[in-house]
Each structure stands twice: as structure tokens, then as C-alpha cells.
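See below for target-v9.txt, which holds compact mmCIF, C-alpha atoms.
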```txt
# COMPACT_ATOMS: atom_id res chain seq x y z
CA MET A 1 0.00 0.00 0.00
CA ARG A 2 1.11 3.55 -0.68
CA ASN A 3 1.74 6.02 2.09
CA PHE A 4 -1.41 6.00 4.25
CA THR A 5 -1.95 9.75 4.04
CA GLU A 6 -1.66 9.66 0.26
CA ALA A 7 -4.21 6.85 0.07
CA VAL A 8 -6.66 8.81 2.25
CA VAL A 9 -6.21 11.98 0.17
CA ASN A 10 -6.83 10.06 -3.06
CA ARG A 11 -9.97 8.35 -1.73
CA ARG A 12 -12.88 10.05 -3.49
CA THR A 13 -16.48 9.39 -4.50
CA VAL A 14 -16.42 8.15 -8.09
CA TYR A 15 -19.74 7.65 -9.85
CA ALA A 16 -18.68 6.87 -13.43
CA LEU A 17 -17.64 3.21 -13.17
CA ASP A 18 -17.35 0.20 -15.44
CA LYS A 19 -16.36 -3.46 -15.20
CA ASN A 20 -12.74 -2.99 -16.33
CA ILE A 21 -10.91 -3.11 -13.04
CA PRO A 22 -7.11 -2.93 -12.63
CA ALA A 23 -7.08 -5.53 -9.86
CA LEU A 24 -7.84 -9.21 -9.43
CA GLU A 25 -11.03 -10.33 -7.70
CA SER A 26 -8.82 -12.14 -5.22
CA GLU A 27 -7.08 -8.85 -4.35
CA VAL A 28 -10.43 -7.16 -3.74
CA ILE A 29 -11.60 -10.00 -1.50
CA ALA A 30 -8.28 -10.05 0.38
CA ALA A 31 -8.51 -6.29 1.01
CA VAL A 32 -12.08 -6.58 2.32
CA GLU A 33 -11.22 -9.53 4.55
CA ARG A 34 -8.08 -7.87 5.96
CA MET A 35 -9.82 -4.58 6.75
CA THR A 36 -12.78 -6.40 8.31
CA LYS A 37 -10.40 -8.32 10.55
CA GLU A 38 -8.20 -5.38 11.54
CA VAL A 39 -10.50 -2.34 11.90
CA PRO A 40 -11.12 -1.73 15.63
CA SER A 41 -14.44 -1.65 17.47
CA ALA A 42 -15.40 -0.58 20.98
CA PHE A 43 -15.03 -3.41 23.51
CA ASN A 44 -13.77 -5.49 20.57
CA MET A 45 -17.46 -5.90 19.70
CA GLN A 46 -16.82 -6.87 16.04
CA SER A 47 -20.47 -6.35 15.10
CA ALA A 48 -19.88 -5.33 11.47
CA ARG A 49 -20.73 -7.88 8.78
CA VAL A 50 -19.96 -7.70 5.06
CA ILE A 51 -21.21 -9.41 1.91
CA VAL A 52 -19.14 -8.94 -1.28
CA THR A 53 -21.11 -9.29 -4.52
CA MET A 54 -19.67 -9.49 -8.03
CA GLY A 55 -20.92 -10.62 -11.41
CA GLU A 56 -24.62 -11.48 -11.58
CA HIS A 57 -24.90 -11.14 -7.79
CA HIS A 58 -23.76 -7.50 -7.98
CA GLU A 59 -26.23 -6.81 -10.78
CA ASN A 60 -28.97 -8.47 -8.75
CA VAL A 61 -28.40 -5.96 -5.92
CA TRP A 62 -29.35 -3.18 -8.30
CA GLU A 63 -32.25 -5.09 -9.89
CA ILE A 64 -33.66 -5.47 -6.37
CA THR A 65 -33.13 -1.76 -5.77
CA LYS A 66 -34.75 -0.80 -9.06
CA ALA A 67 -37.78 -2.99 -8.35
CA ALA A 68 -38.19 -1.45 -4.89
CA LEU A 69 -37.94 2.08 -6.26
CA ARG A 70 -40.38 1.35 -9.08
CA LYS A 71 -43.05 0.86 -6.41
CA ILE A 72 -42.62 4.35 -4.98
CA VAL A 73 -41.35 6.58 -7.82
CA PRO A 74 -44.02 7.86 -10.23
CA ALA A 75 -43.78 6.17 -13.64
CA ASP A 76 -43.34 9.48 -15.48
CA LYS A 77 -40.30 10.29 -13.32
CA PHE A 78 -38.74 6.84 -13.21
CA SER A 79 -36.35 7.20 -16.16
CA GLY A 80 -33.93 9.37 -14.14
CA THR A 81 -34.05 6.96 -11.22
CA GLU A 82 -33.48 4.01 -13.54
CA ALA A 83 -30.45 5.67 -15.14
CA LYS A 84 -28.94 6.30 -11.71
CA ILE A 85 -29.44 2.69 -10.61
CA ASP A 86 -28.08 1.42 -13.93
CA SER A 87 -24.92 3.48 -13.32
CA PHE A 88 -24.33 1.52 -10.12
CA ALA A 89 -25.00 -1.78 -11.89
CA ALA A 90 -22.38 -0.75 -14.50
CA GLY A 91 -19.70 -1.12 -11.82
CA TYR A 92 -17.87 -4.34 -11.09
CA GLY A 93 -19.23 -5.17 -7.64
CA THR A 94 -21.11 -4.06 -4.56
CA ILE A 95 -20.11 -4.54 -0.94
CA LEU A 96 -23.05 -4.73 1.45
CA PHE A 97 -22.41 -3.55 5.01
CA PHE A 98 -24.48 -4.79 7.96
CA GLU A 99 -24.68 -4.52 11.73
CA GLU A 100 -25.09 -7.80 13.61
CA THR A 101 -27.75 -6.60 16.06
CA ASP A 102 -27.65 -9.65 18.33
CA THR A 103 -23.99 -8.89 19.05
CA VAL A 104 -24.87 -5.32 20.00
CA LYS A 105 -27.72 -6.51 22.26
CA ALA A 106 -25.43 -9.03 23.95
CA MET A 107 -22.94 -6.27 24.74
CA GLN A 108 -25.75 -4.09 26.12
CA GLU A 109 -26.79 -6.90 28.44
CA LYS A 110 -23.22 -7.66 29.50
CA PHE A 111 -22.38 -4.01 30.19
CA PRO A 112 -25.68 -2.34 31.17
CA LEU A 113 -23.95 0.82 32.35
CA TYR A 114 -23.00 1.54 28.73
CA ALA A 115 -26.10 0.04 27.09
CA GLU A 116 -27.22 3.16 25.27
CA ASN A 117 -23.74 3.69 23.83
CA PHE A 118 -23.27 0.34 22.12
CA PRO A 119 -25.45 1.11 19.05
CA VAL A 120 -23.52 4.36 18.61
CA TRP A 121 -20.18 2.62 18.99
CA ALA A 122 -21.25 -0.10 16.56
CA SER A 123 -22.20 2.53 14.00
CA GLN A 124 -18.86 4.28 14.46
CA ALA A 125 -16.96 1.02 13.95
CA ASN A 126 -19.00 0.24 10.82
CA GLY A 127 -18.17 3.68 9.47
CA MET A 128 -14.47 3.09 10.14
CA LEU A 129 -14.71 -0.23 8.31
CA GLN A 130 -16.40 1.38 5.32
CA PHE A 131 -13.71 4.05 5.20
CA ALA A 132 -10.89 1.50 5.52
CA ILE A 133 -12.28 -0.72 2.75
CA TRP A 134 -12.98 2.30 0.55
CA THR A 135 -9.38 3.49 0.99
CA ALA A 136 -7.97 0.01 0.37
CA LEU A 137 -9.98 -0.34 -2.85
CA GLU A 138 -8.84 3.08 -4.02
CA ASP A 139 -5.29 1.93 -3.37
CA LEU A 140 -5.95 -0.97 -5.77
CA GLY A 141 -6.87 1.58 -8.43
CA LEU A 142 -10.63 1.16 -8.17
CA GLY A 143 -13.32 3.82 -8.20
CA VAL A 144 -15.81 3.67 -5.33
CA ASN A 145 -19.06 5.28 -4.23
CA ILE A 146 -21.34 4.49 -1.31
CA GLN A 147 -25.13 4.35 -1.30
CA HIS A 148 -27.89 4.01 1.30
CA TYR A 149 -31.01 2.43 -0.17
CA ASN A 150 -31.73 0.67 3.11
CA PRO A 151 -34.26 0.02 4.55
CA LEU A 152 -36.13 0.12 1.23
CA ILE A 153 -34.19 -2.87 -0.12
CA ASP A 154 -33.64 -4.79 3.13
CA GLU A 155 -36.21 -7.51 2.49
CA GLY A 156 -35.12 -8.17 -1.09
CA ILE A 157 -31.43 -8.26 -0.15
CA ALA A 158 -32.10 -10.57 2.79
CA LYS A 159 -33.97 -13.00 0.57
CA ALA A 160 -31.45 -12.92 -2.28
CA PHE A 161 -28.36 -13.40 -0.12
CA ASP A 162 -29.71 -15.52 2.73
CA VAL A 163 -29.00 -12.75 5.23
CA PRO A 164 -29.58 -13.69 8.90
CA ALA A 165 -32.48 -11.85 10.55
CA SER A 166 -30.10 -10.25 13.05
CA TRP A 167 -28.07 -8.51 10.31
CA LYS A 168 -29.24 -4.95 9.66
CA LEU A 169 -28.24 -3.45 6.29
CA VAL A 170 -26.55 -0.06 6.65
CA ALA A 171 -24.77 0.75 3.35
CA GLN A 172 -24.00 -0.39 -0.18
CA MET A 173 -20.51 0.30 -1.58
CA VAL A 174 -20.18 0.15 -5.37
CA PHE A 175 -16.75 -0.36 -6.94
CA GLY A 176 -15.41 -0.66 -10.46
CA GLY A 177 -13.05 0.71 -13.06
CA VAL A 178 -12.80 4.50 -13.20
CA VAL A 179 -14.45 5.90 -16.33
CA LYS A 180 -14.30 9.52 -15.17
CA PRO A 181 -12.41 10.73 -12.09
CA ALA A 182 -14.27 12.48 -9.30
CA ASP A 183 -14.95 16.18 -9.69
CA ALA A 184 -13.19 18.61 -7.39
CA ILE A 185 -15.10 19.50 -4.23
CA ASP A 186 -14.93 22.46 -1.90
CA LYS A 187 -13.32 21.90 1.49
CA LEU A 188 -13.79 24.14 4.50
CA PRO A 189 -10.57 25.69 5.79
CA VAL A 190 -9.11 23.13 8.18
CA LYS A 191 -8.56 25.84 10.82
CA GLU A 192 -12.37 26.14 11.06
CA ARG A 193 -12.61 22.44 11.90
CA VAL A 194 -9.57 21.74 14.06
CA LYS A 195 -8.60 23.48 17.30
CA VAL A 196 -5.18 22.82 18.76
CA PHE A 197 -4.09 23.41 22.36
CA CYS A 198 -0.46 22.72 23.20
```

Represent the structure of the file as C-alpha cells.
Amino acid sequence: MRNFTEAVVNRRTVYALDKNIPALESEVIAAVERMTKEVPSAFNMQSARVIVTMGEHHENVWEITKAALRKIVPADKFSGTEAKIDSFAAGYGTILFFEETDTVKAMQEKFPLYAENFPVWASQANGMLQFAIWTALEDLGLGVNIQHYNPLIDEGIAKAFDVPASWKLVAQMVFGGVVKPADAIDKLPVKERVKVFC
């Protein structure tokens, strides 16, 4: 991996993706597995769960999403929605992120003094995992964007991928070859966001 700071700086949201990736599937899987193993969690809770989809399974994620959206988006406005979903399907794969809620509940019962904090800590750890995987995939030369069609697609995803009832879907990360790099974005001056006392 490149210098960590360089990898973080280069991690961007890339929407224009295709199936021509500059990495092996095995490298993608290895990166996901390593980050899932190594990213920390409060009390070593390890409540994050991940499903990696590629090929027809990846495309099925977006067929499920399209079908769910078709039920709620007016027909005369669906073409824009369909184009957006098709752009995700054009990528190489989708990583589904979940929270294992039974694990969180068990920690709440074991440490009742901190019960209300465990869902927050679990969410923070899942966010760190998403960021770590995103950065690792960028380091492999992939373009990545992250979506949140949950809970609209929860039932369809659960059925398609035999997801345990205790797994709660929290995000969908699309990856693929970069067709068009991310546009520049405005950043607030860092001095407005960081205070230093020394």
C-alpha cells in the first residue's frame, strides 16, 4: 500500500464506473477480509458484517433496488431513477455492510452501564470499516461510491443473499473501473474544523 496519508487523500467518491478493473477479484476479496479483521471496534465488539457481490450477484443488488424504487417513484419520473441505478450496476461489484444486532444486544446486556452507547459505537466502527475498505480499494486503483437504499431494499437483499435476521443493512458500496475521475469538491478551511491546544 502507498503512504497511508496519500491513500486517504486520493480516496474520493467516483460515480462513473465500469467493469474494467485494474485488480484481481482475489485482491479485492483479500482487502475486504483484511480490513474487516483489523479495523477496531469498541469493547472489541466486532459487530460489522460484510457481503461482497460481483458478477450477476452484484447486478442483482441493483435489480432489487430498481424494483423497490419502481413501487414508490411515479412512472413518469422513473427514467432518471433508472439511469442512476443502472450506473451503479455498471460497476464491477457491490459490498453490502451490515450490523449484527444480536452482538450489540449481547454487549448491552453484558455491560448495562454503557447500554445506550453500544449502538452508537457499533455505527462508528461500521463507518471506520467502510472508510478503511474504501481506501484500500482506491489503493488498488478502483473507483468507489457508497449508497444508502436501506431500509427500502432490506427484504429483497435478505432474501437474495440468505442474510440472517439479526443482520441490519446499513450501506452499499459500489466499486469498479474509473471511467471519469471524481470532480473537485470544496473543502472548508481546516482551521475552522480543528482546534489545537499545546

Write out as a ChimeraX atom specification the residues lying within 12 Å of Val50 (chain A), counting all atoms listed in the file and excluding same-chain residues fewer than 2 positions away. /A:29,32-37,46-48,52-53,94-100,126,129-130,133,161,163-164,167-173

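Between CA of Thr135 (chain A) and CA of Val8 (chain A) there is a distance of 6.1 Å.
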
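CA of Ile157 (chain A) is found 23.2 Å from CA of Ala30 (chain A).
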
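Closest approach to Asp139 (chain A) among A:Glu63, A:Glu38, A:Asp102, A:Glu6: A:Glu6, based on all atoms listed in the file.
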
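Restricting the calculation to all atoms listed in the file, the smallest distance between Asn20 (chain A) and any of A:Val179, A:Val196, A:Ala125, A:Ala42 is found for A:Val179.
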
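Computed from the coordinates, the CA of Ala16 (chain A) to CA of Val178 (chain A) distance equals 6.3 Å.
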
What are the centre and edge lengths in Å, to one decimal, of the axis-aligned box around all listed atoms of region 151-155 of chain A with 5 Å added on each side, as AutoDock Vina command-line options?
```
--center_x -34.9 --center_y -3.7 --center_z 2.2 --size_x 12.6 --size_y 17.6 --size_z 14.7
```

Out of A:Asn117, A:Thr65, A:Asn3, A:Ser26, which residue has the shortest atom-to-atom distance to Gly156 (chain A) when counting all atoms listed in the file? A:Thr65

Using all atoms listed in the file, find all polymer residues with an atom at most 7 Å away from the point (-29.6, -1.4, -13.1); report them as a short mmCIF file (atom, residue, chain, number, x, y, z; two decimals) with C-alpha atoms, keeping the file's coordinate frame.
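The result, written out as result17.cif:
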```
data_model
loop_
_atom_site.label_atom_id
_atom_site.label_comp_id
_atom_site.auth_asym_id
_atom_site.auth_seq_id
_atom_site.Cartn_x
_atom_site.Cartn_y
_atom_site.Cartn_z
CA GLU A 59 -26.23 -6.81 -10.78
CA TRP A 62 -29.35 -3.18 -8.30
CA GLU A 63 -32.25 -5.09 -9.89
CA LYS A 66 -34.75 -0.80 -9.06
CA GLU A 82 -33.48 4.01 -13.54
CA ILE A 85 -29.44 2.69 -10.61
CA ASP A 86 -28.08 1.42 -13.93
CA SER A 87 -24.92 3.48 -13.32
CA PHE A 88 -24.33 1.52 -10.12
CA ALA A 89 -25.00 -1.78 -11.89
#
```

Restricting to all atoms listed in the file, whichever of A:Gly55, A:Pro40, A:Pro22, A:Pro151 is closest to Tyr92 (chain A) is A:Gly55

For Tyr15 (chain A), which of A:Ala165, A:Leu152, A:Lys84, A:Phe118 is the closest residue, counting only C-alpha atoms? A:Lys84

When you get a chance, write out N, CA and C atoms for region 117-142 of chain A, as a compact mmCIF listing (two decimals), in the frame of the given file.
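This went into selection38.txt:
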```
# COMPACT_ATOMS: atom_id res chain seq x y z
N ASN A 117 -24.87 3.33 24.69
CA ASN A 117 -23.74 3.69 23.83
C ASN A 117 -23.39 2.65 22.78
N PHE A 118 -23.72 1.39 23.03
CA PHE A 118 -23.27 0.34 22.12
C PHE A 118 -23.78 0.50 20.69
N PRO A 119 -25.04 0.87 20.45
CA PRO A 119 -25.45 1.11 19.05
C PRO A 119 -24.65 2.22 18.38
N VAL A 120 -24.33 3.26 19.15
CA VAL A 120 -23.52 4.36 18.61
C VAL A 120 -22.12 3.87 18.28
N TRP A 121 -21.53 3.13 19.22
CA TRP A 121 -20.18 2.62 18.99
C TRP A 121 -20.14 1.63 17.81
N ALA A 122 -21.19 0.84 17.69
CA ALA A 122 -21.25 -0.10 16.56
C ALA A 122 -21.31 0.65 15.24
N SER A 123 -22.09 1.72 15.21
CA SER A 123 -22.20 2.53 14.00
C SER A 123 -20.87 3.19 13.66
N GLN A 124 -20.17 3.67 14.68
CA GLN A 124 -18.86 4.28 14.46
C GLN A 124 -17.88 3.25 13.88
N ALA A 125 -17.87 2.06 14.43
CA ALA A 125 -16.96 1.02 13.95
C ALA A 125 -17.29 0.63 12.51
N ASN A 126 -18.60 0.58 12.20
CA ASN A 126 -19.00 0.24 10.82
C ASN A 126 -18.54 1.33 9.87
N GLY A 127 -18.65 2.58 10.30
CA GLY A 127 -18.17 3.68 9.47
C GLY A 127 -16.67 3.60 9.24
N MET A 128 -15.92 3.25 10.29
CA MET A 128 -14.47 3.09 10.14
C MET A 128 -14.15 1.97 9.16
N LEU A 129 -14.93 0.88 9.23
CA LEU A 129 -14.71 -0.23 8.31
C LEU A 129 -14.99 0.18 6.87
N GLN A 130 -16.08 0.90 6.67
CA GLN A 130 -16.40 1.38 5.32
C GLN A 130 -15.28 2.26 4.78
N PHE A 131 -14.79 3.16 5.62
CA PHE A 131 -13.71 4.05 5.20
C PHE A 131 -12.43 3.25 4.88
N ALA A 132 -12.11 2.29 5.73
CA ALA A 132 -10.89 1.50 5.52
C ALA A 132 -10.98 0.70 4.22
N ILE A 133 -12.12 0.06 3.99
CA ILE A 133 -12.28 -0.72 2.75
C ILE A 133 -12.27 0.20 1.54
N TRP A 134 -12.95 1.32 1.64
CA TRP A 134 -12.98 2.30 0.55
C TRP A 134 -11.55 2.73 0.19
N THR A 135 -10.75 3.05 1.21
CA THR A 135 -9.38 3.49 0.99
C THR A 135 -8.53 2.37 0.40
N ALA A 136 -8.73 1.16 0.88
CA ALA A 136 -7.97 0.01 0.37
C ALA A 136 -8.31 -0.26 -1.10
N LEU A 137 -9.58 -0.12 -1.45
CA LEU A 137 -9.98 -0.34 -2.85
C LEU A 137 -9.43 0.76 -3.75
N GLU A 138 -9.43 1.99 -3.26
CA GLU A 138 -8.84 3.08 -4.02
C GLU A 138 -7.37 2.81 -4.26
N ASP A 139 -6.71 2.25 -3.25
CA ASP A 139 -5.29 1.93 -3.37
C ASP A 139 -5.04 0.86 -4.43
N LEU A 140 -6.05 0.04 -4.70
CA LEU A 140 -5.95 -0.97 -5.77
C LEU A 140 -6.25 -0.37 -7.14
N GLY A 141 -6.58 0.92 -7.17
CA GLY A 141 -6.87 1.58 -8.43
C GLY A 141 -8.33 1.60 -8.82
N LEU A 142 -9.21 1.23 -7.87
CA LEU A 142 -10.63 1.16 -8.17
C LEU A 142 -11.33 2.48 -7.85
```
